[in-house]
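Only one structure is covered here, and it is reproduced in the block below.
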Amino acid sequence: QVQLVESGGGLVQAGGSLRLSCAASGSTFSINTMGWYRQAPGKQRELVADINRGGRLNYADSVKGRFTISRDNVKNTVYLQMNSLKPEDTAVYYCNSVRYGDFRAYWGKGTQVTVSS
């Protein structure tokens with residue numbers, strides 16, 4: 001089992017920045033990919049960015065050039081630096097991890113990000 005705890009959400013004005021963190025605990029040796037998804041009201045959950053243990057990066061087109069994902073494999077923590085935030089970035093942001101082998105996914109409880117215009 002893997003437990004994920006997010007932190008760093010909040011309210012920010014358009015153009016501002018926030019940094020999200022997600023700390024993993026439990027069977028962290030089994031984790032390959034860690035990433036962030038978001039879900040806005042009335043919309044489906046969507047991938048924001050992810051990074052595998054080897055450092056391969058993947059970003060949604062909507063956040064490229066504004067968001068940066070990084071990972072500390074010693075601390076079992078993944079970060080999402082969000083710059084130039086837009087009102088359309090408003091959503092609940094969920095941390096995700098995917099296990100080697102069976103690709104089982106684990107989810108955090110989510111953290112609210114609200115960008116005011």
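Identifiers for the structure tokens are assigned positionally: chains receive A, B, ... in sequence, residues are indexed from 1 per chain, and ligands are indexed from 1 in the order shown.
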- Query: When DSSP works through the backbone of this structure, what residues of chain A end up as strand (DSSP E), shown as an NGL selection string?
  - Reply: :A and (2-7 or 10-13 or 18-26 or 31-39 or 46-51 or 57-59 or 67-72 or 77-82 or 91-99 or 105-107 or 111-116)
- Just the residues within 12 Å of A:Arg56, please, counting only C-alpha atoms, with nothing from its chain fewer than 6 positions along; format it as number ranges by chain. A: 32-35, 49-50, 69-71
- Item | Neighbour list for stretch 100-113 of chain A as number ranges by chain, cut-off 7 Å, only C-alpha atoms, skip fewer than 6 positions in-chain | A: 2, 4-7, 9-11, 30-32, 90-94
For N, CA, C and O atoms, I'd like the residues from the last selection saved as an mmCIF file, in the first residue's frame.
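Result went into out-v7.cif, see below:
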data_model
loop_
_atom_site.group_PDB
_atom_site.id
_atom_site.type_symbol
_atom_site.label_atom_id
_atom_site.label_comp_id
_atom_site.auth_asym_id
_atom_site.auth_seq_id
_atom_site.Cartn_x
_atom_site.Cartn_y
_atom_site.Cartn_z
ATOM 1 N N VAL A 2 0.332 2.281 -0.638
ATOM 2 C CA VAL A 2 1.010 3.578 -0.692
ATOM 3 C C VAL A 2 0.030 4.639 -0.229
ATOM 4 O O VAL A 2 -1.135 4.641 -0.637
ATOM 5 N N LEU A 4 -0.581 8.827 0.028
ATOM 6 C CA LEU A 4 -0.149 10.084 -0.581
ATOM 7 C C LEU A 4 -0.817 11.236 0.143
ATOM 8 O O LEU A 4 -2.045 11.221 0.326
ATOM 9 N N VAL A 5 -0.036 12.235 0.518
ATOM 10 C CA VAL A 5 -0.580 13.401 1.218
ATOM 11 C C VAL A 5 -0.112 14.663 0.492
ATOM 12 O O VAL A 5 1.093 14.920 0.395
ATOM 13 N N GLU A 6 -1.098 15.422 0.008
ATOM 14 C CA GLU A 6 -0.800 16.655 -0.718
ATOM 15 C C GLU A 6 -0.794 17.849 0.225
ATOM 16 O O GLU A 6 -1.475 17.855 1.250
ATOM 17 N N SER A 7 -0.082 18.880 -0.192
ATOM 18 C CA SER A 7 -0.104 20.158 0.519
ATOM 19 C C SER A 7 0.246 21.258 -0.461
ATOM 20 O O SER A 7 0.797 20.990 -1.541
ATOM 21 N N GLY A 9 -1.973 23.834 -1.670
ATOM 22 C CA GLY A 9 -3.022 24.497 -2.412
ATOM 23 C C GLY A 9 -3.413 25.806 -1.759
ATOM 24 O O GLY A 9 -2.924 26.170 -0.688
ATOM 25 N N GLY A 10 -4.313 26.548 -2.429
ATOM 26 C CA GLY A 10 -4.782 27.794 -1.864
ATOM 27 C C GLY A 10 -5.389 28.698 -2.901
ATOM 28 O O GLY A 10 -5.712 28.274 -4.014
ATOM 29 N N LEU A 11 -5.555 29.954 -2.512
ATOM 30 C CA LEU A 11 -6.153 30.979 -3.365
ATOM 31 C C LEU A 11 -5.055 31.930 -3.825
ATOM 32 O O LEU A 11 -4.260 32.412 -3.017
ATOM 33 N N SER A 30 7.873 0.472 -4.471
ATOM 34 C CA SER A 30 7.095 -0.089 -5.583
ATOM 35 C C SER A 30 6.636 0.966 -6.586
ATOM 36 O O SER A 30 6.080 0.625 -7.633
ATOM 37 N N ILE A 31 6.857 2.235 -6.267
ATOM 38 C CA ILE A 31 6.340 3.319 -7.116
ATOM 39 C C ILE A 31 7.251 3.560 -8.312
ATOM 40 O O ILE A 31 8.458 3.713 -8.163
ATOM 41 N N ASN A 32 6.633 3.641 -9.501
ATOM 42 C CA ASN A 32 7.367 4.081 -10.683
ATOM 43 C C ASN A 32 7.025 5.540 -10.979
ATOM 44 O O ASN A 32 7.800 6.447 -10.735
ATOM 45 N N THR A 90 -8.140 26.650 -11.990
ATOM 46 C CA THR A 90 -8.884 26.362 -10.764
ATOM 47 C C THR A 90 -9.440 24.944 -10.800
ATOM 48 O O THR A 90 -10.117 24.555 -11.747
ATOM 49 N N ALA A 91 -9.109 24.175 -9.765
ATOM 50 C CA ALA A 91 -9.523 22.778 -9.706
ATOM 51 C C ALA A 91 -9.041 22.173 -8.392
ATOM 52 O O ALA A 91 -8.255 22.797 -7.667
ATOM 53 N N VAL A 92 -9.511 20.976 -8.120
ATOM 54 C CA VAL A 92 -8.904 20.168 -7.072
ATOM 55 C C VAL A 92 -7.759 19.382 -7.716
ATOM 56 O O VAL A 92 -7.971 18.712 -8.739
ATOM 57 N N TYR A 93 -6.594 19.482 -7.143
ATOM 58 C CA TYR A 93 -5.412 18.811 -7.671
ATOM 59 C C TYR A 93 -5.132 17.563 -6.847
ATOM 60 O O TYR A 93 -5.047 17.631 -5.617
ATOM 61 N N TYR A 94 -5.008 16.443 -7.544
ATOM 62 C CA TYR A 94 -4.806 15.145 -6.899
ATOM 63 C C TYR A 94 -3.423 14.605 -7.226
ATOM 64 O O TYR A 94 -3.003 14.599 -8.392
#
- Task: Record the distance separating atom CA of A:Ala24 and atom CA of A:Gln3, expressed in Å with one decimal.
- Result: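 So the two atoms, atom CA of A:Ala24 and atom CA of A:Gln3, lie 5.6 Å apart.
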- Note on the structure: note - atom CA of A:Ser62 and atom CA of A:Ala14 are separated by 15.3 Å
- Nearest to A:Thr114 by atom-to-atom distance, counting only C-alpha atoms, from A:Pro41, A:Gly26, A:Gly65, A:Gly54: A:Pro41
